[in-house]
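Below is the file data-v2.txt, which contains compact mmCIF, C-alpha atoms.
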```
# COMPACT_ATOMS: atom_id res chain seq x y z
CA MET A 236 42.37 34.59 14.25
CA ARG A 237 45.23 33.25 12.14
CA GLY A 238 43.41 30.52 10.20
CA LYS A 239 40.18 30.44 8.25
CA PRO A 240 37.45 30.45 10.91
CA VAL A 241 34.44 30.40 8.57
CA LEU A 242 35.74 27.42 6.61
CA ALA A 243 36.80 25.57 9.75
CA ALA A 244 33.57 26.31 11.63
CA ILE A 245 31.30 25.17 8.80
CA SER A 246 33.46 22.12 8.18
CA GLY A 247 33.47 21.31 11.89
CA LEU A 248 29.69 21.67 12.12
CA LEU A 249 29.17 19.29 9.20
CA PHE A 250 31.90 16.97 10.47
CA GLY A 251 30.02 16.57 13.74
CA ALA A 252 26.82 15.78 11.88
CA PHE A 253 28.55 13.14 9.77
CA VAL A 254 30.17 11.60 12.85
CA ALA A 255 26.71 11.33 14.42
CA LEU A 256 25.55 9.58 11.25
CA ILE A 257 28.55 7.23 11.31
CA LEU A 258 27.83 6.30 14.93
CA GLN A 259 24.22 5.59 13.98
CA GLN A 260 25.09 3.60 10.87
CA TRP A 261 27.62 1.45 12.72
CA ALA A 262 25.03 0.84 15.48
CA VAL A 263 27.04 2.60 18.17
CA TYR A 264 24.60 5.36 19.08
CA PRO A 265 21.22 6.35 17.58
CA LEU A 266 20.27 9.77 16.26
CA THR A 267 19.19 11.33 19.53
CA SER A 268 19.16 15.02 20.36
CA LEU A 269 22.49 14.54 22.09
CA SER A 270 24.23 13.26 18.96
CA VAL A 271 22.35 15.25 16.31
CA LEU A 272 22.75 18.59 18.10
CA GLY A 273 25.68 17.98 20.42
CA LEU A 274 28.24 16.58 18.01
CA PRO A 275 27.82 19.34 15.39
CA ALA A 276 28.12 21.93 18.17
CA LEU A 277 31.32 20.27 19.35
CA GLY A 278 32.57 20.16 15.75
CA LEU A 279 31.89 23.85 15.32
CA ILE A 280 33.85 24.68 18.46
CA LEU A 281 36.66 22.35 17.38
CA GLY A 282 36.81 24.04 13.99
CA LEU A 283 37.06 27.48 15.56
CA VAL A 284 39.77 26.31 17.95
CA LEU A 285 41.77 24.78 15.11
CA ALA A 286 41.39 27.96 13.04
CA ALA A 287 42.59 30.05 15.97
CA TRP A 288 45.55 27.75 16.47
CA ALA A 289 46.38 27.55 12.73
CA PRO A 290 49.80 25.95 13.06
CA PHE A 291 50.40 25.67 9.33
CA GLY A 292 51.49 28.29 6.82
CA ARG A 293 52.60 30.86 9.36
CA ARG A 294 54.79 33.62 8.16
CA ASN A 295 57.81 34.63 10.11
CA ASP A 296 56.69 38.04 11.36
CA ARG A 297 60.16 38.92 12.49
CA VAL A 298 61.50 39.06 8.96
CA ILE A 299 61.36 42.58 7.67
CA PRO A 300 59.61 43.08 4.31
CA GLU A 301 62.81 44.09 2.55
CA ALA A 302 64.47 40.80 3.54
CA ARG A 303 61.74 38.84 1.75
CA ARG A 304 62.45 40.40 -1.61
CA MET B 43 1.79 0.51 7.33
CA ALA B 44 -0.89 -0.78 9.63
CA GLY B 45 1.06 -4.03 9.90
CA LEU B 46 4.12 -2.13 11.03
CA GLY B 47 2.05 -0.44 13.68
CA LEU B 48 0.66 -3.70 14.94
CA VAL B 49 4.01 -5.43 15.20
CA ALA B 50 5.61 -2.35 16.69
CA ALA B 51 2.85 -2.10 19.25
CA GLY B 52 3.27 -5.77 20.01
CA VAL B 53 7.02 -5.45 20.46
CA VAL B 54 6.98 -2.36 22.60
CA ALA B 55 3.94 -3.05 24.68
CA ALA B 56 5.47 -3.84 28.00
CA PRO B 57 5.23 -4.90 31.59
CA ALA B 58 5.29 -2.17 34.16
CA GLY B 59 8.71 -0.80 35.00
CA ALA B 60 10.18 -0.79 31.52
CA ALA B 61 10.40 2.12 29.12
CA VAL B 62 6.64 2.00 28.71
CA THR B 63 3.79 3.93 30.18
CA GLY B 64 0.23 2.65 30.34
CA GLY B 65 0.75 -0.95 31.46
CA CYS B 66 0.64 -2.67 28.07
CA THR B 67 2.36 -6.01 27.54
CA GLY B 68 3.80 -7.72 24.52
CA GLN B 69 6.66 -9.46 22.80
CA ALA B 70 8.03 -10.44 19.41
CA VAL B 71 10.03 -13.48 18.33
CA ILE B 72 12.52 -13.01 15.52
CA GLU B 73 14.52 -16.02 14.38
CA GLY B 74 14.08 -17.74 17.74
CA THR B 75 14.95 -14.72 19.87
CA THR B 76 12.28 -13.16 22.04
CA TYR B 77 12.25 -9.38 22.32
CA GLY B 78 10.23 -7.09 24.51
CA PRO B 79 10.25 -3.85 26.45
CA GLU B 80 13.61 -4.67 28.01
CA ASN B 81 15.19 -3.91 24.64
CA ASP B 82 15.19 -0.22 25.48
CA THR B 83 18.91 0.58 25.34
CA PRO B 84 21.27 0.86 22.34
CA ASP B 85 23.39 -2.07 23.55
CA ASN B 86 20.33 -4.28 24.06
CA ALA B 87 18.47 -3.54 20.86
CA ILE B 88 16.04 -5.63 18.87
CA VAL B 89 18.08 -7.16 16.05
CA VAL B 90 16.53 -7.14 12.59
CA PRO B 91 18.51 -9.58 10.45
CA GLU B 92 19.30 -9.14 6.79
CA GLY B 93 16.88 -10.89 4.47
CA ASP B 94 13.20 -11.56 4.81
CA ALA B 95 12.72 -12.82 8.34
CA VAL B 96 9.28 -12.98 9.93
CA ALA B 97 8.44 -11.67 13.39
CA SER B 98 5.79 -13.47 15.45
CA TRP B 99 4.27 -10.90 17.74
CA SER B 100 1.63 -10.59 20.42
CA GLY B 101 0.38 -7.68 22.48
CA GLN B 102 -2.20 -6.79 25.06
CA VAL B 103 -3.57 -3.58 26.50
CA PRO B 104 -5.04 -3.36 30.01
CA PHE B 105 -7.83 -0.96 29.15
CA ASP B 106 -10.92 -0.61 26.98
CA ASN B 107 -9.46 -0.73 23.48
CA ALA B 108 -12.45 0.64 21.59
CA ASN B 109 -11.82 3.43 19.08
CA PHE B 110 -8.09 2.86 19.12
CA SER B 111 -5.40 4.69 17.20
CA GLY B 112 -1.65 4.97 17.31
CA THR B 113 1.58 5.91 15.64
CA ALA B 114 5.09 4.53 15.31
CA GLY B 115 8.16 6.52 14.35
CA ILE B 116 11.92 6.81 14.66
CA THR B 117 13.77 9.45 16.63
CA VAL B 118 15.90 11.83 14.59
CA GLY B 119 17.37 14.34 16.99
CA PRO B 120 14.64 16.26 18.79
CA THR B 121 11.93 15.10 16.38
CA VAL B 122 10.16 11.83 15.63
CA VAL B 123 9.74 10.83 11.99
CA GLN B 124 6.45 8.98 11.76
CA LEU B 125 6.59 5.67 9.91
CA ALA B 126 3.16 4.26 10.48
CA ASP B 127 -0.22 4.92 12.00
CA TRP B 128 -3.25 2.79 12.69
CA SER B 129 -6.79 3.17 13.94
CA GLY B 130 -10.02 1.22 14.26
CA VAL B 131 -13.39 1.01 15.97
CA ASN B 132 -12.92 -2.41 17.64
CA GLU B 133 -16.56 -2.97 18.51
CA GLU B 134 -15.73 -6.43 19.91
CA GLY B 135 -13.58 -4.79 22.57
CA ALA B 136 -10.57 -6.99 21.85
CA ALA B 137 -7.70 -6.00 24.10
CA ASP B 138 -5.11 -8.37 22.73
CA ALA B 139 -3.80 -9.42 19.34
CA GLU B 140 -1.15 -11.58 17.78
CA GLY B 141 0.17 -12.31 14.33
CA GLU B 142 3.14 -12.49 12.05
CA TYR B 143 4.86 -9.69 10.24
CA SER B 144 7.41 -9.75 7.45
CA LEU B 145 10.44 -7.64 8.39
CA ALA B 146 10.88 -6.84 4.71
CA ASP B 147 7.76 -4.69 5.09
CA LEU B 148 9.33 -2.95 8.08
CA LYS B 149 12.43 -2.10 6.04
CA ALA B 150 10.27 -0.88 3.17
CA ALA B 151 8.51 1.50 5.54
CA LEU B 152 11.74 3.30 6.42
CA PRO B 153 12.58 6.54 4.60
CA VAL B 154 15.57 4.95 2.85
CA ASP B 155 14.46 1.80 1.05
CA VAL B 156 17.66 1.07 -0.89
CA GLY B 157 19.47 -0.54 2.01
CA ILE B 158 19.37 0.07 5.72
CA ALA B 159 21.78 -0.49 8.57
CA GLY B 160 22.45 0.95 11.98
CA ILE B 161 20.51 1.59 15.13
CA TYR B 162 17.26 3.46 15.53
CA GLU B 163 15.14 4.49 18.50
CA VAL B 164 11.51 3.59 17.81
CA ILE B 165 8.72 5.44 19.59
CA VAL B 166 5.25 3.91 19.64
CA GLU B 167 2.07 5.46 20.97
CA HIS B 168 -1.30 3.72 21.23
CA GLN B 169 -4.48 5.16 22.63
CA ALA B 170 -8.11 4.08 22.93
CA ASP B 171 -11.21 5.00 24.86
CA GLY B 172 -9.89 3.34 28.01
CA GLY B 173 -6.34 4.65 28.12
CA SER B 174 -3.05 4.96 26.34
CA CYS B 175 0.44 3.50 26.13
CA ARG B 176 3.74 5.00 25.04
CA ALA B 177 6.96 3.09 24.64
CA ASN B 178 10.41 3.25 23.14
CA VAL B 179 12.76 0.50 22.05
CA PHE B 180 15.94 0.37 20.03
CA VAL B 181 16.12 -1.55 16.77
CA ARG B 182 19.38 -2.53 15.12
CA PHE B 183 19.39 -3.45 11.45
CA GLU B 184 22.14 -5.89 10.64
CA GLY B 185 24.18 -5.24 7.53
CA ASP B 186 27.30 -3.58 6.24
CA PRO B 187 26.84 0.22 6.44
CA LEU B 188 29.24 0.66 3.55
CA SER B 189 26.74 -1.17 1.36
CA THR B 190 24.07 1.45 2.03
CA PRO B 191 23.86 4.98 0.59
CA LEU B 192 23.60 6.54 4.03
CA GLY B 193 26.72 4.72 5.23
CA ILE B 194 28.74 5.77 2.21
CA VAL B 195 27.57 9.38 2.46
CA SER B 196 28.42 9.52 6.17
CA VAL B 197 32.00 8.34 5.64
CA ALA B 198 32.62 10.46 2.55
CA GLY B 199 31.15 13.50 4.26
CA ALA B 200 33.25 13.00 7.38
CA VAL B 201 36.43 12.74 5.28
CA LEU B 202 35.63 15.83 3.20
CA THR B 203 34.67 17.97 6.17
CA ALA B 204 37.76 16.81 8.08
CA LEU B 205 39.80 18.07 5.13
CA GLY B 206 37.87 21.33 5.35
CA MET B 207 38.83 21.72 9.00
CA PHE B 208 42.42 20.91 8.10
CA ALA B 209 42.38 23.60 5.41
CA GLY B 210 41.05 26.04 8.00
CA MET B 211 44.20 25.45 10.04
CA PHE B 212 46.39 27.22 7.49
CA ALA B 213 47.15 30.79 8.45
CA LYS B 214 45.81 33.49 6.20
CA PRO B 215 48.47 35.40 4.23
CA ARG B 216 49.11 38.87 5.62
CA GLU B 217 49.67 42.09 3.81
CA LEU B 218 53.18 43.27 4.46
CA ALA B 219 53.63 46.76 5.73
```
As structure tokens, please, write out the structure in this file.
Amino acid sequence: MRGKPVLAAISGLLFGAFVALILQQWAVYPLTSLSVLGLPALGLILGLVLAAWAPFGRRNDRVIPEARR
Amino acid sequence: MAGLGLVAAGVVAAPAGAAVTGGCTGQAVIEGTTYGPENDTPDNAIVVPEGDAVASWSGQVPFDNANFSGTAGITVGPTVVQLADWSGVNEEGAADAEGEYSLADLKAALPVDVGIAGIYEVIVEHQADGGSCRANVFVRFEGDPLSTPLGIVSVAGAVLTALGMFAGMFAKPRELA
């Protein structure tokens, strides 16, 4: 995995929980099992997917080490 | 707390066919609007206005109501956080009741008493010697979520954790061979 999976997974888990809370606070959807458990699970998966994708900060692997100096 | 239970039981007690078991009936009037068991979906919730409104409620049970007891709580994920409970002997055998209840007391009974907004699923259970009722309704507290601690925390937390996910999208540096 190219990115930081632990950071992204934990952040995604908490992000899902906070989104569930936002939906409840703005009277869109109450804190049911679906939102309290489902959204954090989706956030965790999203975080892992984003960490696997990791489109930022990639090094050009084709450049030989000597060329970087 | 007992008052909350009574008004909650009055609001959620319902005709057959709604989100109620046990055949209880009841209603509550808040600022001219009548609520009842049909308020059992998030988009058809009981609206609790800001300020100190009063709910006029009435309820009836179809069974022997001696030695009654009950609880009311809000759903938080797979659990129910109990807000109130009530019980009594009821030697007269009264099967109906009515009264008025200050919604300020309802807000004070919630876990967060420094400002409340949003939608909650309320579960009420009532049992007595002759039977039992169970019901659920949705209650929406009017107000600006950004004026409540929970609303502020939810937005700030979502922003911070979104940044955390963004940081996780940066590739780890590799050791060069």
Quiz item: Which one of A:Ala243, A:Leu249, A:Leu274, A:Val254 sits closest to Ala286 of chain A if you count only C-alpha atoms?
Solution: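 Answer, going by the shortest atom-to-atom distance: A:Ala243.
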Quiz prompt | Residue among A:Gly251, A:Gly238, A:Gly278, A:Gly273 lying closest to chain B, counting only C-alpha atoms | solution =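 Nearest candidate to chain B out of A:Gly251, A:Gly238, A:Gly278, A:Gly273: A:Gly238.
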Practice problem: Give me the residues within 12 Å of Ile116 of chain B as JSON, numbers by chain, counting all atoms listed in the file and dropping any in the same chain fewer than 3 places off. | Solution: {"A": [265, 266, 267], "B": [50, 113, 119, 120, 121, 122, 123, 124, 125, 126, 151, 152, 153, 161, 162, 163, 164, 165, 166, 167, 177, 178, 179, 180, 181, 182]}
Self-check item: One-decimal distance in Å that lies between atom CA of Gly78 of chain B and atom CA of Pro187 of chain B
Solution: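 Those two atoms sit 25.6 Å apart.
For chain B, the residues no farther than 6 Å from chain A when using all atoms listed in the file are Val118, Gly119, Pro120, Ala159, Gly160, Ile161, Tyr162, Pro187, Gly193, Ser196, Ala200, Thr203, Gly206, Met207, Gly210, Met211, Phe212, Ala213 and Lys214 of chain B.
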Quiz item: In Å, how far is it from atom CA of Thr67 of chain B to atom CA of Pro79 of chain B?
Solution: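 Value for the atom CA of Thr67 of chain B-atom CA of Pro79 of chain B distance: 8.3 Å.
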Size and centre in Å, one decimal, axis-aligned box, all listed segment 268-284 of chain A atoms plus 4 Å per side, as JSON:
```
{"center_x": 29.5, "center_y": 20.4, "center_z": 18.0, "size_x": 28.6, "size_y": 22.2, "size_z": 16.1}
```
Self-check item: Atomic distance atom CA of Val197 of chain B - atom CA of Lys149 of chain B, expressed in Å with one decimal
Solution: 22.2 Å
Quiz prompt | Long-range neighbours of Gly185 of chain B as a list in words, 9 Å cut-off, only C-alpha atoms, 4 positions minimum in chain | solution = Pro91, Glu92, Gly157, Ile158, Ala159, Gly160, Ser189 and Thr190 of chain B
Extract segment 264-275 of chain A from the coordinates I pasted, and write it as a PDB file, in the first residue's frame (atoms kept: N, CA and C atoms).
```pdb
ATOM      1  N   TYR A 264     -31.187  12.204   9.461  1.00  0.00           N
ATOM      2  CA  TYR A 264     -31.328  10.786   9.778  1.00  0.00           C
ATOM      3  C   TYR A 264     -30.899  10.563  11.234  1.00  0.00           C
ATOM      4  N   PRO A 265     -31.686   9.843  12.015  1.00  0.00           N
ATOM      5  CA  PRO A 265     -31.343   9.651  13.435  1.00  0.00           C
ATOM      6  C   PRO A 265     -30.188   8.671  13.618  1.00  0.00           C
ATOM      7  N   LEU A 266     -29.768   8.517  14.852  1.00  0.00           N
ATOM      8  CA  LEU A 266     -28.631   7.641  15.162  1.00  0.00           C
ATOM      9  C   LEU A 266     -29.105   6.192  15.285  1.00  0.00           C
ATOM     10  N   THR A 267     -29.397   5.585  14.156  1.00  0.00           N
ATOM     11  CA  THR A 267     -29.800   4.183  14.158  1.00  0.00           C
ATOM     12  C   THR A 267     -28.562   3.299  14.003  1.00  0.00           C
ATOM     13  N   SER A 268     -28.776   2.009  14.078  1.00  0.00           N
ATOM     14  CA  SER A 268     -27.657   1.083  13.881  1.00  0.00           C
ATOM     15  C   SER A 268     -27.045   1.269  12.503  1.00  0.00           C
ATOM     16  N   LEU A 269     -27.902   1.546  11.536  1.00  0.00           N
ATOM     17  CA  LEU A 269     -27.425   1.709  10.163  1.00  0.00           C
ATOM     18  C   LEU A 269     -26.425   2.862  10.061  1.00  0.00           C
ATOM     19  N   SER A 270     -26.732   3.979  10.670  1.00  0.00           N
ATOM     20  CA  SER A 270     -25.844   5.139  10.565  1.00  0.00           C
ATOM     21  C   SER A 270     -24.668   5.041  11.532  1.00  0.00           C
ATOM     22  N   VAL A 271     -24.912   4.582  12.741  1.00  0.00           N
ATOM     23  CA  VAL A 271     -23.848   4.559  13.759  1.00  0.00           C
ATOM     24  C   VAL A 271     -22.795   3.486  13.452  1.00  0.00           C
ATOM     25  N   LEU A 272     -23.227   2.383  12.878  1.00  0.00           N
ATOM     26  CA  LEU A 272     -22.284   1.312  12.555  1.00  0.00           C
ATOM     27  C   LEU A 272     -21.907   1.310  11.075  1.00  0.00           C
ATOM     28  N   GLY A 273     -22.881   1.604  10.224  1.00  0.00           N
ATOM     29  CA  GLY A 273     -22.647   1.517   8.788  1.00  0.00           C
ATOM     30  C   GLY A 273     -21.737   2.598   8.244  1.00  0.00           C
ATOM     31  N   LEU A 274     -21.979   3.833   8.636  1.00  0.00           N
ATOM     32  CA  LEU A 274     -21.170   4.934   8.101  1.00  0.00           C
ATOM     33  C   LEU A 274     -19.701   4.847   8.541  1.00  0.00           C
ATOM     34  N   PRO A 275     -19.396   4.560   9.804  1.00  0.00           N
ATOM     35  CA  PRO A 275     -17.983   4.365  10.152  1.00  0.00           C
ATOM     36  C   PRO A 275     -17.333   3.214   9.380  1.00  0.00           C
TER      37      PRO A 275
END
```
